[in-house]
Every structure is written in structure tokens, then in C-alpha cells.
>>> print(open('final.csv').read())   # CSV, C-alpha atoms
chain,number,residue,atom,x,y,z
A,1,MET,CA,40.1,31.0,-107.6
A,2,MET,CA,37.0,31.6,-105.6
A,3,ASP,CA,37.3,33.3,-102.2
A,4,LEU,CA,34.0,32.9,-100.3
A,5,ASP,CA,32.7,34.1,-97.0
A,6,VAL,CA,29.5,32.8,-95.3
A,7,ALA,CA,27.2,35.2,-97.3
A,8,GLY,CA,28.8,34.3,-100.6
A,9,LEU,CA,28.5,30.6,-99.8
A,10,ARG,CA,24.8,30.9,-99.0
A,11,GLU,CA,24.1,32.9,-102.1
A,12,ARG,CA,25.9,30.7,-104.5
A,13,LEU,CA,24.5,27.5,-103.1
A,14,GLY,CA,21.0,29.0,-103.1
A,15,ARG,CA,21.0,29.7,-106.8
A,16,ALA,CA,23.6,27.5,-108.5
A,17,ARG,CA,23.1,24.2,-110.3
A,18,PRO,CA,26.2,22.2,-111.6
A,19,ALA,CA,26.4,22.1,-115.4
A,20,ALA,CA,28.6,19.0,-115.4
A,21,ALA,CA,28.6,17.0,-112.2
A,22,VAL,CA,30.7,14.0,-111.4
A,23,TYR,CA,28.0,11.4,-110.7
A,24,GLY,CA,30.1,8.5,-109.5
A,25,ASP,CA,33.2,6.3,-109.7
A,26,ASP,CA,34.2,5.5,-113.3
A,27,GLY,CA,32.2,2.6,-114.6
A,28,THR,CA,29.6,2.7,-111.8
A,29,GLY,CA,26.1,2.8,-113.1
A,30,ARG,CA,23.0,4.0,-111.2
A,31,GLU,CA,21.5,0.5,-111.3
A,32,GLU,CA,24.5,-0.9,-109.3
A,33,ALA,CA,24.0,1.6,-106.4
A,34,ALA,CA,21.1,0.2,-104.5
A,35,THR,CA,22.0,1.3,-100.9
A,36,VAL,CA,20.7,4.8,-100.2
A,37,ALA,CA,23.1,6.9,-98.0
A,38,ALA,CA,23.9,10.5,-97.1
A,39,VAL,CA,26.9,12.3,-95.9
A,40,LEU,CA,27.3,15.7,-94.3
A,41,VAL,CA,29.7,18.2,-95.9
A,42,PRO,CA,30.4,20.3,-92.8
A,43,ILE,CA,31.7,23.8,-93.6
A,44,ILE,CA,33.0,25.5,-90.5
A,45,ALA,CA,32.5,29.3,-90.2
A,46,HIS,CA,35.8,30.3,-88.6
A,47,GLY,CA,36.4,34.0,-88.3
A,48,ALA,CA,39.7,33.6,-90.2
A,49,GLY,CA,38.1,31.7,-93.1
A,50,LEU,CA,35.9,28.8,-94.0
A,51,THR,CA,37.1,25.2,-93.6
A,52,VAL,CA,35.7,21.8,-94.4
A,53,LEU,CA,35.7,19.0,-91.8
A,54,PHE,CA,36.7,15.5,-92.7
A,55,THR,CA,37.1,12.2,-90.8
A,56,GLN,CA,39.8,9.6,-91.1
A,57,ARG,CA,38.2,6.2,-90.7
A,58,THR,CA,39.7,3.6,-88.4
A,59,ALA,CA,41.9,0.9,-90.0
A,60,HIS,CA,39.8,-2.1,-88.8
A,61,LEU,CA,36.6,-1.2,-90.5
A,62,LYS,CA,35.4,-3.6,-93.2
A,63,ALA,CA,34.6,-0.9,-95.8
A,64,HIS,CA,36.9,2.0,-96.7
A,65,SER,CA,39.1,1.4,-93.7
A,66,GLY,CA,41.6,4.2,-93.1
A,67,GLN,CA,40.2,6.4,-95.8
A,68,VAL,CA,39.3,10.1,-95.5
A,69,SER,CA,35.6,10.7,-95.7
A,70,PHE,CA,32.7,12.9,-94.7
A,71,PRO,CA,30.6,11.8,-91.7
A,72,GLY,CA,27.5,9.9,-92.8
A,73,GLY,CA,26.1,6.5,-93.7
A,74,ARG,CA,23.2,4.5,-95.0
A,75,ALA,CA,19.6,5.8,-94.6
A,76,GLU,CA,17.5,4.1,-91.9
A,77,PRO,CA,13.7,3.5,-92.2
A,78,GLY,CA,13.1,6.1,-89.4
A,79,ASP,CA,14.9,8.9,-91.2
A,80,ALA,CA,12.4,11.5,-92.4
A,81,SER,CA,14.8,12.8,-95.1
A,82,LEU,CA,18.4,12.4,-96.4
A,83,GLU,CA,19.2,15.5,-94.4
A,84,GLU,CA,18.1,13.7,-91.3
A,85,THR,CA,20.3,10.8,-92.3
A,86,ALA,CA,23.3,13.0,-92.6
A,87,LEU,CA,22.6,14.8,-89.3
A,88,ARG,CA,22.0,11.6,-87.4
A,89,GLU,CA,25.1,9.9,-88.7
A,90,SER,CA,27.2,12.9,-88.0
A,91,GLU,CA,26.0,13.0,-84.4
A,92,GLU,CA,26.7,9.3,-84.0
A,93,GLU,CA,30.1,9.4,-85.6
A,94,ILE,CA,31.7,12.6,-84.4
A,95,GLY,CA,29.3,14.0,-81.8
A,96,LEU,CA,28.2,17.0,-83.9
A,97,PRO,CA,24.8,18.1,-82.5
A,98,ARG,CA,22.3,18.5,-85.3
A,99,ALA,CA,21.1,21.8,-83.8
A,100,ARG,CA,24.5,23.3,-84.6
A,101,VAL,CA,24.1,22.6,-88.3
A,102,GLU,CA,22.4,25.0,-90.8
A,103,ILE,CA,21.5,23.0,-93.9
A,104,LEU,CA,22.5,24.9,-97.1
A,105,ALA,CA,22.1,22.5,-100.0
A,106,ARG,CA,22.0,19.1,-101.5
A,107,LEU,CA,24.7,18.1,-104.0
A,108,PRO,CA,24.3,15.7,-106.9
A,109,GLU,CA,24.0,12.0,-105.9
A,110,TYR,CA,27.3,10.1,-106.1
A,111,PHE,CA,27.3,6.4,-107.0
A,112,THR,CA,30.1,4.3,-105.5
A,113,ARG,CA,31.7,1.2,-106.7
A,114,THR,CA,30.7,-0.5,-103.4
A,115,GLY,CA,27.0,-0.1,-104.2
A,116,PHE,CA,26.0,3.1,-102.4
A,117,ARG,CA,23.9,5.9,-103.8
A,118,VAL,CA,25.2,8.8,-101.7
A,119,THR,CA,23.6,12.3,-101.4
A,120,PRO,CA,26.0,14.9,-99.9
A,121,ILE,CA,24.3,17.5,-97.7
A,122,VAL,CA,26.2,20.8,-97.3
A,123,GLY,CA,25.9,22.2,-93.8
A,124,LEU,CA,27.2,25.3,-92.1
A,125,VAL,CA,28.6,24.9,-88.6
A,126,GLN,CA,29.4,27.7,-86.2
A,127,PRO,CA,32.5,27.2,-84.0
A,128,PRO,CA,33.6,26.3,-81.4
A,129,LEU,CA,33.4,22.6,-82.0
A,130,ASN,CA,33.2,20.2,-79.1
A,131,LEU,CA,33.3,16.9,-81.0
A,132,THR,CA,33.4,13.4,-79.5
A,133,PRO,CA,34.4,11.0,-82.3
A,134,ASP,CA,33.3,7.4,-82.0
A,135,PRO,CA,36.7,5.6,-81.6
A,136,HIS,CA,35.3,2.5,-83.3
A,137,GLU,CA,34.6,4.3,-86.6
A,138,VAL,CA,36.8,7.5,-86.5
A,139,GLU,CA,40.5,7.6,-86.0
A,140,ALA,CA,40.8,11.4,-86.5
A,141,VAL,CA,38.9,14.5,-87.4
A,142,PHE,CA,40.6,17.3,-89.3
A,143,GLU,CA,39.8,20.5,-91.2
A,144,VAL,CA,41.0,21.7,-94.6
A,145,PRO,CA,40.6,25.3,-95.8
A,146,LEU,CA,37.8,25.7,-98.2
A,147,SER,CA,40.1,27.9,-100.3
A,148,PHE,CA,42.4,24.9,-100.9
A,149,LEU,CA,39.5,22.7,-102.0
A,150,LEU,CA,38.1,25.4,-104.3
A,151,ASP,CA,41.4,25.7,-106.1
A,152,VAL,CA,41.1,23.4,-109.1
A,153,ARG,CA,44.9,23.2,-109.3
A,154,ASN,CA,44.6,20.9,-106.3
A,155,HIS,CA,42.2,18.5,-108.1
A,156,ARG,CA,44.4,15.8,-109.6
A,157,ARG,CA,43.0,13.1,-111.9
A,158,GLN,CA,44.6,9.7,-111.5
A,159,THR,CA,44.0,6.1,-112.7
A,160,ARG,CA,44.5,2.7,-111.1
A,161,GLU,CA,43.9,-0.9,-112.0
A,162,PHE,CA,40.7,-2.3,-110.5
A,163,GLN,CA,39.3,-5.8,-111.2
A,164,GLY,CA,41.2,-6.0,-114.4
A,165,ARG,CA,40.4,-2.5,-115.8
A,166,THR,CA,41.8,1.0,-115.6
A,167,VAL,CA,39.5,3.4,-113.7
A,168,GLY,CA,39.9,7.1,-113.0
A,169,PHE,CA,39.5,9.0,-109.8
A,170,TYR,CA,40.2,12.4,-108.2
A,171,GLU,CA,42.7,13.0,-105.5
A,172,MET,CA,43.5,16.1,-103.4
A,173,PRO,CA,46.5,15.4,-101.0
A,174,TYR,CA,46.6,18.0,-98.2
A,175,LYS,CA,49.7,18.5,-96.1
A,176,THR,CA,49.3,19.2,-92.4
A,177,ASP,CA,51.7,19.5,-89.5
A,178,GLU,CA,50.8,15.9,-88.7
A,179,GLY,CA,51.5,14.7,-92.2
A,180,GLU,CA,49.6,14.3,-95.4
A,181,ARG,CA,45.8,13.7,-95.5
A,182,TYR,CA,45.0,11.8,-98.7
A,183,ILE,CA,41.6,12.8,-100.0
A,184,TRP,CA,40.6,10.7,-102.9
A,185,GLY,CA,37.8,8.6,-104.6
A,186,ALA,CA,34.2,9.3,-103.7
A,187,THR,CA,35.0,12.0,-101.2
A,188,ALA,CA,37.2,13.9,-103.7
A,189,GLY,CA,34.5,13.5,-106.4
A,190,MET,CA,31.9,15.0,-104.0
A,191,ILE,CA,34.3,18.0,-103.5
A,192,VAL,CA,34.6,18.4,-107.2
A,193,ASN,CA,30.8,18.6,-107.4
A,194,LEU,CA,30.7,21.2,-104.6
A,195,VAL,CA,33.3,23.3,-106.4
A,196,ARG,CA,31.4,23.0,-109.7
A,197,THR,CA,28.2,24.0,-108.0
A,198,LEU,CA,29.7,27.0,-106.4
A,199,ALA,CA,31.4,28.1,-109.6
A,200,ASP,CA,28.2,27.7,-111.8
>>> encode(input="final.csv", output="C-alpha cells")
Amino acid sequence: MMDLDVAGLRERLGRARPAAAVYGDDGTGREEAATVAAVLVPIIAHGAGLTVLFTQRTAHLKAHSGQVSFPGGRAEPGDASLEETALRESEEEIGLPRARVEILARLPEYFTRTGFRVTPIVGLVQPPLNLTPDPHEVEAVFEVPLSFLLDVRNHRRQTREFQGRTVGFYEMPYKTDEGERYIWGATAGMIVNLVRTLAD
């Protein structure tokens, strides 16, 4: 199992390329993912160890309601880059100032069954965090130790029935004092790509 500090994270992301990335939900082709989007994968540089920040979406949203995700969204015409998209959306969703984020890398595009072509942007954030989540979009913000996510024993492969066919997905349930946070689907797939990139 990898145990990374900030220097190791920067070094590995600076040189690594994933040999076998998870490029999308099972059965999702690139031609189906027409909406360009980006998410921020915020890695928090706590003195006691690195963590990854996630959001829990509110239950009333039309898409992916109640699910665990990274802050982000669709690209807008005024965005100069996908990095800008991820930073803008993170500022809007959770109040994370873009000036606090050091961009480290892009991960492989991820194609979702809902028609999005998502580019995860890995960013390093120095605490303390003074976040102001948008209550319309975000029910909760929480952190998971990077060491938990890097441990492939926590990457479970599951299947479910979807529109008459069996599809596979990753899940990474994480237990907290408040209960279990269920990380799965596209978000879990992006984490797998991060781990494979760091391990390359």
C-alpha cells in the first residue's frame, strides 16, 4: 500500500501515466458522452496526513441526487480551460477559493452513462478550510484519508441491473462517526484512475 506525503504526491503525478485506466461506466462509449465537464479532486494537505474531500449531493437534485461526488460540473463557454471549469464549479458549490488550489494533474477522461465526458483535475489544498457549501446542491462535505483510497483492498467491484442488462461498477464504502459514506460509480472509478496513476 502506498503512503504518500505532499512531495511524493507531486513527484508521482508529475511523471506517472496510467497503464490501464478505467475510462467510463460499463457499456458507455465515447460517442455517447457529449457534454464536457470537469471535477476537482481536492487533496487536503493536513499535517497528520493527506485526505480527499468529497461532497454529498442534496436529495432533491434531478441528476445523481444524494450521491457522493467531487465538486464540479459542465464546462461553460467562458471557461478558459477544464482546470478553470473545475475551479469555478468548486468555488460555486462549496466556496473553495481557486487561489487556495494548486493544480497538480489531469486524470483520464471518464465517460458517464448520463452523457458526460468528465475530466478530473487533481488539486492540492492547504488547510484550514473555510467552506460555504451551496445548500441547494450540497448536503454535506466530508474528507476521507488518502491512505484508505490508495488501498486497493477497499476497491470493490459490484454489478447491478440497469435497463435490462448487468453492468459493473466500483464501490468504496467508508465508515465515519456519522455513518457510512457510500462512494461508488463514476466517483469511485475516478479514484481508481488516481490510484493507478500514482502506482504507475
>>> closest_residue(input="final.csv", among="A:Glu139, A:Glu180, A:Glu109, A:Asp5", to="His46 of chain A", atoms="only C-alpha atoms")
A:Asp5
>>> residues_around(input="final.csv", residues="Asn154 of chain A", least_positions_apart="6", cutoff="10 Å", atoms="only C-alpha atoms", output="list in words")
Phe148, Tyr170, Glu171, Met172, Pro173 and Tyr174 of chain A
>>> residues_around(input="final.csv", residues="Leu13 of chain A", least_positions_apart="2", cutoff="9 Å", atoms="only C-alpha atoms", output="ChimeraX atom specification")
/A:8-11,15-17,104-106,194,197-198
>>> residues_around(input="final.csv", residues="segment 74-91 of chain A", least_positions_apart="2", cutoff="9 Å", atoms="all atoms listed in the file", output="ChimeraX atom specification")
/A:35-41,70-72,93-98,101,103,106,116-121,131-133
>>> closest_residue(input="final.csv", among="A:Val122, A:Val6, A:Val68, A:Leu107", to="Ala45 of chain A", atoms="only C-alpha atoms")
A:Val6
>>> decode(input="final.csv", residues="segment 106-140 of chain A", atoms="N, CA and C atoms", output="mmCIF file, in the first residue's frame")
data_model
loop_
_atom_site.group_PDB
_atom_site.id
_atom_site.type_symbol
_atom_site.label_atom_id
_atom_site.label_comp_id
_atom_site.auth_asym_id
_atom_site.auth_seq_id
_atom_site.Cartn_x
_atom_site.Cartn_y
_atom_site.Cartn_z
ATOM 1 N N ARG A 106 -4.073 16.351 -14.510
ATOM 2 C CA ARG A 106 -5.341 15.872 -15.060
ATOM 3 C C ARG A 106 -5.316 14.355 -15.035
ATOM 4 N N LEU A 107 -6.476 13.770 -14.710
ATOM 5 C CA LEU A 107 -6.630 12.328 -14.812
ATOM 6 C C LEU A 107 -7.330 11.993 -16.133
ATOM 7 N N PRO A 108 -7.355 10.712 -16.530
ATOM 8 C CA PRO A 108 -8.041 10.338 -17.772
ATOM 9 C C PRO A 108 -9.506 10.734 -17.759
ATOM 10 N N GLU A 109 -10.023 11.091 -18.926
ATOM 11 C CA GLU A 109 -11.445 11.401 -19.045
ATOM 12 C C GLU A 109 -12.279 10.209 -18.601
ATOM 13 N N TYR A 110 -13.435 10.534 -18.014
ATOM 14 C CA TYR A 110 -14.351 9.488 -17.572
ATOM 15 C C TYR A 110 -15.702 9.727 -18.237
ATOM 16 N N PHE A 111 -16.240 8.704 -18.883
ATOM 17 C CA PHE A 111 -17.481 8.812 -19.641
ATOM 18 C C PHE A 111 -18.623 8.202 -18.834
ATOM 19 N N THR A 112 -19.635 9.011 -18.537
ATOM 20 C CA THR A 112 -20.720 8.532 -17.686
ATOM 21 C C THR A 112 -21.927 8.087 -18.505
ATOM 22 N N ARG A 113 -22.740 7.270 -17.881
ATOM 23 C CA ARG A 113 -23.930 6.764 -18.540
ATOM 24 C C ARG A 113 -24.967 7.866 -18.774
ATOM 25 N N THR A 114 -24.823 8.977 -18.048
ATOM 26 C CA THR A 114 -25.761 10.089 -18.194
ATOM 27 C C THR A 114 -25.312 11.095 -19.252
ATOM 28 N N GLY A 115 -24.268 10.749 -20.026
ATOM 29 C CA GLY A 115 -23.893 11.575 -21.167
ATOM 30 C C GLY A 115 -22.829 12.616 -20.909
ATOM 31 N N PHE A 116 -22.051 12.468 -19.838
ATOM 32 C CA PHE A 116 -20.999 13.435 -19.539
ATOM 33 C C PHE A 116 -19.619 12.865 -19.842
ATOM 34 N N ARG A 117 -18.772 13.743 -20.322
ATOM 35 C CA ARG A 117 -17.362 13.428 -20.569
ATOM 36 C C ARG A 117 -16.569 14.244 -19.547
ATOM 37 N N VAL A 118 -16.194 13.595 -18.447
ATOM 38 C CA VAL A 118 -15.679 14.301 -17.272
ATOM 39 C C VAL A 118 -14.159 14.191 -17.191
ATOM 40 N N THR A 119 -13.507 15.328 -17.003
ATOM 41 C CA THR A 119 -12.064 15.353 -16.764
ATOM 42 C C THR A 119 -11.818 15.679 -15.296
ATOM 43 N N PRO A 120 -11.251 14.749 -14.535
ATOM 44 C CA PRO A 120 -10.920 15.041 -13.133
ATOM 45 C C PRO A 120 -9.602 15.826 -13.064
ATOM 46 N N ILE A 121 -9.615 16.899 -12.284
ATOM 47 C CA ILE A 121 -8.441 17.746 -12.080
ATOM 48 C C ILE A 121 -7.992 17.580 -10.630
ATOM 49 N N VAL A 122 -6.784 17.089 -10.432
ATOM 50 C CA VAL A 122 -6.269 16.889 -9.074
ATOM 51 C C VAL A 122 -5.671 18.196 -8.579
ATOM 52 N N GLY A 123 -6.126 18.642 -7.409
ATOM 53 C CA GLY A 123 -5.620 19.874 -6.829
ATOM 54 C C GLY A 123 -5.226 19.683 -5.378
ATOM 55 N N LEU A 124 -4.154 20.357 -4.965
ATOM 56 C CA LEU A 124 -3.678 20.307 -3.585
ATOM 57 C C LEU A 124 -4.166 21.548 -2.853
ATOM 58 N N VAL A 125 -4.762 21.345 -1.693
ATOM 59 C CA VAL A 125 -5.340 22.436 -0.913
ATOM 60 C C VAL A 125 -4.688 22.461 0.460
ATOM 61 N N GLN A 126 -4.247 23.642 0.881
ATOM 62 C CA GLN A 126 -3.658 23.793 2.202
ATOM 63 C C GLN A 126 -4.736 24.202 3.205
ATOM 64 N N PRO A 127 -4.841 23.502 4.346
ATOM 65 C CA PRO A 127 -5.799 23.907 5.373
ATOM 66 C C PRO A 127 -5.303 25.172 6.084
ATOM 67 N N PRO A 128 -6.177 25.842 6.848
ATOM 68 C CA PRO A 128 -7.539 25.420 7.204
ATOM 69 C C PRO A 128 -8.536 25.719 6.096
ATOM 70 N N LEU A 129 -9.629 24.976 6.103
ATOM 71 C CA LEU A 129 -10.685 25.161 5.119
ATOM 72 C C LEU A 129 -11.819 25.971 5.742
ATOM 73 N N ASN A 130 -12.258 26.978 5.042
ATOM 74 C CA ASN A 130 -13.417 27.763 5.457
ATOM 75 C C ASN A 130 -14.440 27.700 4.334
ATOM 76 N N LEU A 131 -15.119 26.558 4.248
ATOM 77 C CA LEU A 131 -16.003 26.289 3.125
ATOM 78 C C LEU A 131 -17.418 26.778 3.421
ATOM 79 N N THR A 132 -18.109 27.176 2.359
ATOM 80 C CA THR A 132 -19.507 27.579 2.461
ATOM 81 C C THR A 132 -20.293 26.838 1.375
ATOM 82 N N PRO A 133 -20.673 25.599 1.650
ATOM 83 C CA PRO A 133 -21.398 24.805 0.642
ATOM 84 C C PRO A 133 -22.715 25.452 0.247
ATOM 85 N N ASP A 134 -23.045 25.328 -1.041
ATOM 86 C CA ASP A 134 -24.334 25.788 -1.548
ATOM 87 C C ASP A 134 -25.403 24.816 -1.074
ATOM 88 N N PRO A 135 -26.334 25.241 -0.212
ATOM 89 C CA PRO A 135 -27.322 24.302 0.345
ATOM 90 C C PRO A 135 -28.268 23.722 -0.697
ATOM 91 N N HIS A 136 -28.381 24.358 -1.857
ATOM 92 C CA HIS A 136 -29.243 23.814 -2.912
ATOM 93 C C HIS A 136 -28.619 22.572 -3.541
ATOM 94 N N GLU A 137 -27.278 22.529 -3.613
ATOM 95 C CA GLU A 137 -26.595 21.437 -4.298
ATOM 96 C C GLU A 137 -25.911 20.458 -3.358
ATOM 97 N N VAL A 138 -25.439 20.947 -2.220
ATOM 98 C CA VAL A 138 -24.567 20.141 -1.363
ATOM 99 C C VAL A 138 -25.189 19.948 0.007
ATOM 100 N N GLU A 139 -25.410 18.686 0.364
ATOM 101 C CA GLU A 139 -25.961 18.362 1.675
ATOM 102 C C GLU A 139 -24.862 18.305 2.727
ATOM 103 N N ALA A 140 -23.673 17.792 2.334
ATOM 104 C CA ALA A 140 -22.572 17.649 3.291
ATOM 105 C C ALA A 140 -21.245 17.638 2.543
#
